[in-house]
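With TSV, C-alpha atoms inside, this is work28.tsv:
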chain	number	residue	atom	x	y	z
A	1	MET	CA	145.20	116.49	253.39
A	2	HIS	CA	142.10	116.82	255.50
A	3	LEU	CA	139.42	114.33	256.46
A	4	ASN	CA	135.90	115.15	257.51
A	5	PHE	CA	133.75	112.48	259.12
A	6	GLU	CA	130.01	112.16	259.47
A	7	VAL	CA	127.88	109.20	260.53
A	8	ILE	CA	124.51	108.78	258.84
A	9	ASN	CA	122.49	105.72	259.86
A	10	ASN	CA	124.83	102.79	259.39
A	11	THR	CA	127.24	104.62	257.15
A	12	LEU	CA	130.46	106.46	257.80
A	13	VAL	CA	130.78	109.32	255.33
A	14	VAL	CA	134.36	110.46	254.80
A	15	ARG	CA	135.21	113.51	252.79
A	16	ILE	CA	138.83	113.39	251.70
A	17	ASP	CA	140.26	116.78	250.79
A	18	GLY	CA	143.74	116.89	249.31
A	19	GLU	CA	145.97	114.26	247.78
A	20	LEU	CA	145.95	110.51	248.21
A	21	ASP	CA	149.31	108.86	247.66
A	22	HIS	CA	151.44	106.29	249.46
A	23	HIS	CA	152.44	108.90	252.03
A	24	THR	CA	148.96	110.10	252.97
A	25	ALA	CA	147.27	106.70	252.51
A	26	GLU	CA	148.60	105.36	255.79
A	27	GLU	CA	147.16	108.18	257.85
A	28	ILE	CA	143.85	108.10	255.98
A	29	ARG	CA	143.59	104.34	256.48
A	30	GLU	CA	144.26	104.59	260.22
A	31	ASP	CA	141.78	107.41	260.71
A	32	ILE	CA	139.02	105.68	258.75
A	33	ASP	CA	139.55	102.36	260.53
A	34	ARG	CA	139.44	104.07	263.90
A	35	LYS	CA	136.13	105.77	263.04
A	36	ILE	CA	134.67	102.51	261.72
A	37	ASP	CA	135.49	100.87	265.07
A	38	GLN	CA	134.28	103.81	267.11
A	39	HIS	CA	130.86	103.99	265.49
A	40	SER	CA	130.48	100.31	264.56
A	41	VAL	CA	129.25	101.30	261.12
A	42	LYS	CA	128.57	98.80	258.36
A	43	ASN	CA	129.09	100.95	255.28
A	44	LEU	CA	131.63	103.46	254.10
A	45	LEU	CA	130.90	106.30	251.72
A	46	LEU	CA	133.88	108.20	250.35
A	47	ASP	CA	133.19	111.73	249.17
A	48	LEU	CA	135.93	112.57	246.68
A	49	GLN	CA	134.85	116.04	245.66
A	50	GLY	CA	137.88	117.67	247.24
A	51	MET	CA	140.41	115.05	246.24
A	52	HIS	CA	142.85	116.67	243.83
A	53	PHE	CA	145.13	113.72	243.26
A	54	MET	CA	145.07	109.97	243.63
A	55	ASP	CA	147.52	107.31	242.51
A	56	SER	CA	147.27	103.53	242.86
A	57	SER	CA	147.67	103.87	246.63
A	58	GLY	CA	143.99	104.80	246.62
A	59	ILE	CA	143.08	101.47	245.03
A	60	GLY	CA	144.80	99.59	247.84
A	61	LEU	CA	143.06	101.73	250.41
A	62	VAL	CA	139.60	101.13	248.96
A	63	ILE	CA	140.13	97.38	248.49
A	64	GLY	CA	141.33	97.11	252.08
A	65	ARG	CA	138.23	98.85	253.48
A	66	TYR	CA	135.99	96.80	251.18
A	67	LYS	CA	137.47	93.53	252.48
A	68	ARG	CA	136.97	94.68	256.02
A	69	LEU	CA	133.36	95.85	255.69
A	70	ASN	CA	132.35	93.05	253.34
A	71	LYS	CA	132.96	90.60	256.20
A	72	VAL	CA	130.20	92.25	258.22
A	73	GLY	CA	127.87	92.49	255.24
A	74	GLY	CA	128.67	96.14	254.57
A	75	GLN	CA	129.48	98.07	251.43
A	76	VAL	CA	131.85	100.73	250.19
A	77	ALA	CA	130.60	103.45	247.88
A	78	VAL	CA	131.98	106.63	246.37
A	79	VAL	CA	130.40	109.93	245.49
A	80	HIS	CA	131.61	112.95	243.47
A	81	MET	CA	134.29	111.06	241.61
A	82	ASN	CA	136.00	113.01	238.83
A	83	ASN	CA	136.87	111.48	235.45
A	84	ARG	CA	140.46	110.98	236.31
A	85	ILE	CA	139.87	109.08	239.52
A	86	GLU	CA	137.15	107.11	237.80
A	87	ARG	CA	139.69	106.04	235.18
A	88	ILE	CA	141.99	104.67	237.88
A	89	PHE	CA	139.06	102.95	239.60
A	90	LYS	CA	137.96	101.36	236.33
A	91	MET	CA	141.48	100.29	235.38
A	92	SER	CA	141.72	98.23	238.53
A	93	GLY	CA	138.24	96.74	238.34
A	94	LEU	CA	137.31	98.58	241.51
A	95	LEU	CA	133.92	99.62	240.16
A	96	ASN	CA	132.89	95.97	240.25
A	97	ILE	CA	132.95	95.99	244.03
A	98	VAL	CA	132.41	99.64	244.83
A	99	LYS	CA	129.27	101.53	243.83
A	100	LYS	CA	129.47	104.99	242.42
A	101	TYR	CA	126.81	107.63	243.11
A	102	ASP	CA	126.30	111.17	241.90
A	103	THR	CA	124.99	112.60	245.13
A	104	LYS	CA	125.48	111.84	248.79
A	105	GLN	CA	121.75	111.54	249.35
A	106	GLN	CA	121.42	109.00	246.57
A	107	ALA	CA	124.22	106.96	248.11
A	108	ILE	CA	122.77	107.05	251.61
A	109	GLU	CA	119.35	105.96	250.33
A	110	ASN	CA	120.83	102.98	248.54
A	111	LEU	CA	123.33	101.77	251.10
B	1	MET	CA	165.80	111.10	249.78
B	2	SER	CA	163.54	108.05	249.86
B	3	LYS	CA	160.98	109.55	252.26
B	4	SER	CA	157.32	109.19	251.42
B	5	GLN	CA	156.78	112.93	252.02
B	6	ASN	CA	158.92	113.50	248.95
B	7	GLU	CA	156.48	111.73	246.63
B	8	ALA	CA	154.36	114.87	246.44
B	9	PHE	CA	157.46	117.03	245.99
B	10	ALA	CA	158.71	114.83	243.14
B	11	ARG	CA	155.50	115.00	241.15
B	12	VAL	CA	155.12	118.73	241.62
B	13	VAL	CA	158.68	119.38	240.45
B	14	VAL	CA	158.28	117.21	237.35
B	15	ALA	CA	154.90	118.78	236.59
B	16	SER	CA	156.41	122.26	236.87
B	17	PHE	CA	159.16	121.31	234.47
B	18	ALA	CA	156.64	119.80	232.05
B	19	SER	CA	154.44	122.89	232.14
B	20	GLN	CA	156.74	124.69	229.69
B	21	LEU	CA	155.33	122.36	227.02
B	22	ASP	CA	151.94	123.90	227.67
B	23	PRO	CA	150.22	120.60	228.47
B	24	THR	CA	146.52	120.18	229.17
B	25	ILE	CA	145.46	119.68	232.78
B	26	GLU	CA	144.79	116.07	231.90
B	27	GLU	CA	148.29	115.53	230.48
B	28	LEU	CA	149.86	117.15	233.50
B	29	ALA	CA	147.85	114.89	235.80
B	30	ASP	CA	149.00	111.85	233.77
B	31	ILE	CA	152.60	112.79	234.41
B	32	LYS	CA	152.06	113.47	238.09
B	33	THR	CA	150.40	110.11	238.57
B	34	ALA	CA	153.11	108.19	236.69
B	35	VAL	CA	155.90	109.93	238.63
B	36	SER	CA	154.11	109.23	241.89
B	37	GLU	CA	153.94	105.51	241.05
B	38	ALA	CA	157.60	105.27	240.03
B	39	VAL	CA	158.87	107.15	243.08
B	40	THR	CA	156.64	105.14	245.41
B	41	ASN	CA	158.00	101.92	243.93
B	42	ALA	CA	161.57	103.12	244.50
B	43	ILE	CA	160.80	103.92	248.14
B	44	ILE	CA	158.76	100.84	249.03
B	45	HIS	CA	160.39	98.20	246.85
B	46	GLY	CA	163.81	99.57	245.91
B	47	TYR	CA	164.82	100.74	249.35
B	48	GLU	CA	162.16	98.89	251.36
B	49	ASP	CA	161.66	102.03	253.44
B	50	GLN	CA	165.38	102.29	254.26
B	51	LYS	CA	167.35	105.44	253.50
B	52	GLY	CA	168.41	105.95	249.93
B	53	THR	CA	168.40	108.41	247.09
B	54	VAL	CA	165.81	108.48	244.35
B	55	LEU	CA	167.17	110.18	241.28
B	56	ILE	CA	164.83	111.89	238.85
B	57	GLU	CA	166.01	113.12	235.50
B	58	CYS	CA	163.79	114.93	233.04
B	59	SER	CA	164.38	116.22	229.59
B	60	ILE	CA	162.27	117.78	226.89
B	61	LYS	CA	162.76	117.23	223.22
B	62	ASP	CA	160.31	118.90	220.84
B	63	ASN	CA	156.92	118.08	222.34
B	64	GLU	CA	158.06	115.04	224.25
B	65	ILE	CA	159.07	114.70	227.85
B	66	GLU	CA	161.37	111.96	229.07
B	67	ILE	CA	161.35	111.14	232.77
B	68	ILE	CA	163.82	108.76	234.36
B	69	VAL	CA	163.31	107.58	237.93
B	70	GLU	CA	166.22	105.66	239.32
B	71	ASP	CA	167.09	104.03	242.62
B	72	HIS	CA	170.13	102.18	243.88
B	73	GLY	CA	168.12	99.74	245.93
B	74	LYS	CA	167.59	96.03	245.81
B	75	GLY	CA	166.40	95.71	242.23
B	76	ILE	CA	163.56	93.68	240.76
B	77	GLU	CA	163.92	89.92	240.49
B	78	ASP	CA	161.38	89.41	237.74
B	79	ILE	CA	160.46	92.57	235.82
B	80	GLU	CA	157.82	90.87	233.71
B	81	GLN	CA	156.02	89.65	236.81
B	82	ALA	CA	156.36	93.03	238.53
B	83	ARG	CA	154.66	94.71	235.60
B	84	LEU	CA	151.64	92.44	235.67
B	85	PRO	CA	148.43	94.16	236.79
B	86	LEU	CA	147.53	93.33	240.40
B	87	TYR	CA	150.87	91.67	241.11
B	88	THR	CA	152.46	92.84	244.33
B	89	SER	CA	155.51	91.48	246.08
B	90	LYS	CA	154.22	92.92	249.34
B	91	PRO	CA	150.59	91.87	249.79
B	92	GLU	CA	150.79	92.71	253.50
B	93	LEU	CA	151.09	96.42	252.66
B	94	GLU	CA	147.56	96.72	251.28
B	95	ARG	CA	148.88	97.98	247.98
B	96	SER	CA	147.07	97.25	244.76
B	97	GLY	CA	149.83	96.01	242.49
B	98	MET	CA	148.70	98.51	239.87
B	99	GLY	CA	151.72	100.82	239.88
B	100	PHE	CA	153.24	99.77	236.56
B	101	THR	CA	149.81	99.44	234.95
B	102	VAL	CA	149.06	103.05	235.89
B	103	MET	CA	152.41	104.21	234.46
B	104	GLU	CA	151.75	102.30	231.23
B	105	THR	CA	148.26	103.73	230.93
B	106	PHE	CA	149.25	107.35	231.42
B	107	MET	CA	152.57	107.41	229.56
B	108	ASP	CA	153.41	106.50	225.95
B	109	THR	CA	156.52	104.48	226.76
B	110	VAL	CA	157.57	102.76	229.97
B	111	GLU	CA	160.88	100.91	230.05
B	112	VAL	CA	162.18	99.17	233.11
B	113	THR	CA	165.73	98.00	233.64
B	114	SER	CA	166.83	96.48	236.88
B	115	GLU	CA	169.63	94.52	238.39
B	116	GLN	CA	169.38	92.81	241.73
B	117	GLY	CA	171.48	94.48	244.37
B	118	VAL	CA	172.25	97.37	242.03
B	119	GLY	CA	168.99	99.18	241.45
B	120	THR	CA	166.13	99.95	239.13
B	121	ARG	CA	165.66	102.49	236.38
B	122	VAL	CA	162.28	103.41	234.96
B	123	ARG	CA	162.27	105.46	231.79
B	124	MET	CA	159.01	107.01	230.71
B	125	VAL	CA	158.18	109.12	227.71
B	126	LYS	CA	155.08	111.13	226.91
B	127	LYS	CA	154.23	113.13	223.88
B	128	PHE	CA	152.07	116.20	224.33
B	129	GLU	CA	149.39	116.57	221.75
B	130	SER	CA	148.40	120.04	222.75
B	131	ARG	CA	151.10	121.81	220.76

Now, as a test, write the supplied structure out as structure tokens.
Amino acid sequence: MHLNFEVINNTLVVRIDGELDHHTAEEIREDIDRKIDQHSVKNLLLDLQGMHFMDSSGIGLVIGRYKRLNKVGGQVAVVHMNNRIERIFKMSGLLNIVKKYDTKQQAIENL
Amino acid sequence: MSKSQNEAFARVVVASFASQLDPTIEELADIKTAVSEAVTNAIIHGYEDQKGTVLIECSIKDNEIEIIVEDHGKGIEDIEQARLPLYTSKPELERSGMGFTVMETFMDTVEVTSEQGVGTRVRMVKKFESR
């Protein structure tokens, strides 16, 4: 599992490469939260192009970040989501609170 | 062993076993996800992060795979409640409560038996359409 961070305007862009399960979720959560604090960003954009696997641990992770950023008027969005991950997102109603974009640029413009 | 590092190992092993049925990538991913959920439940809820053994048993009959994930942990008090979407007994863990819902979505059959203080057994079956 590898994370790549980038700050664009008010948004922290995180590319998650690898697998997201209960084991990796903890580390991912800590790293993302640390970066959010460090850069005082409002929004979070998750780039899932390199994410090969996600179970329901990913839902918990996204809801947790949403709750956090929502308090400061921020948003969480995802880009490059494959069908499979989209299915899990939809199943949990996550797409009601998290916006999905096709490209990173589109997301940044709308956040 | 009920270590979270073994979640990935468990799903890869089951997926390798299932691959002899020549499943589609999608079907294989369904199985991996369901196994991941069941094993995670055993670790977090069955053993509550204490040491224990998670037993996985798989068998193939015709074009069906049966996967049993068993723990000898604390057991589930109310199975019906545990299976409800969004229900979690540990809200502090930032988990979604979607584990059983995911298993039910990706597998054809999900049966849960549990006894408090004895353990939990999840039996899942999936039929492969590709053959």

Close residues, segment 44-53 of chain A itself excluded, 7 Å, all atoms listed in the file, min 5 positions apart in chain, as a list of chain:residue names
A:Thr11, A:Leu12, A:Val13, A:Val14, A:Arg15, A:Ile16, A:Asp17, A:Gly18, A:Glu19, A:Leu20, A:Gln75, A:Val76, A:Ala77, A:Val78, A:Val79, A:His80, A:Met81

Taking all atoms listed in the file into account and nothing else, which residues of chain B lie no more than 7 Å away from chain A? Please answer as a list in words.
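My answer is Ser4, Gln5, Thr33, Ser36, Glu37, Thr40, Glu94, Arg95, Ser96, Met98 and Gly99 of chain B.
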
For atom CA of Val41 of chain A and atom CA of Ile8 of chain A, quote the distance in Å rounded to one decimal.
9.1 Å

Could you state the separation of atom CA of Gly46 of chain B and atom CA of His72 of chain B in Å, given to one decimal place?
7.1 Å

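Note that atom CA of Thr101 of chain B and atom CA of Leu86 of chain B are 8.5 Å apart.
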
Pick from B:Val110, B:Ala10, B:Val118, B:Cys58, whichever lies nearest to Val39 of chain B using all atoms listed in the file:
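Checking each candidate against Val39 of chain B, we get B:Ala10 as the closest.
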
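Minimum distance to Tyr47 of chain B across B:Arg83, B:Arg11, B:Lys126, B:Lys74 (counting all atoms listed in the file) occurs at B:Lys74.
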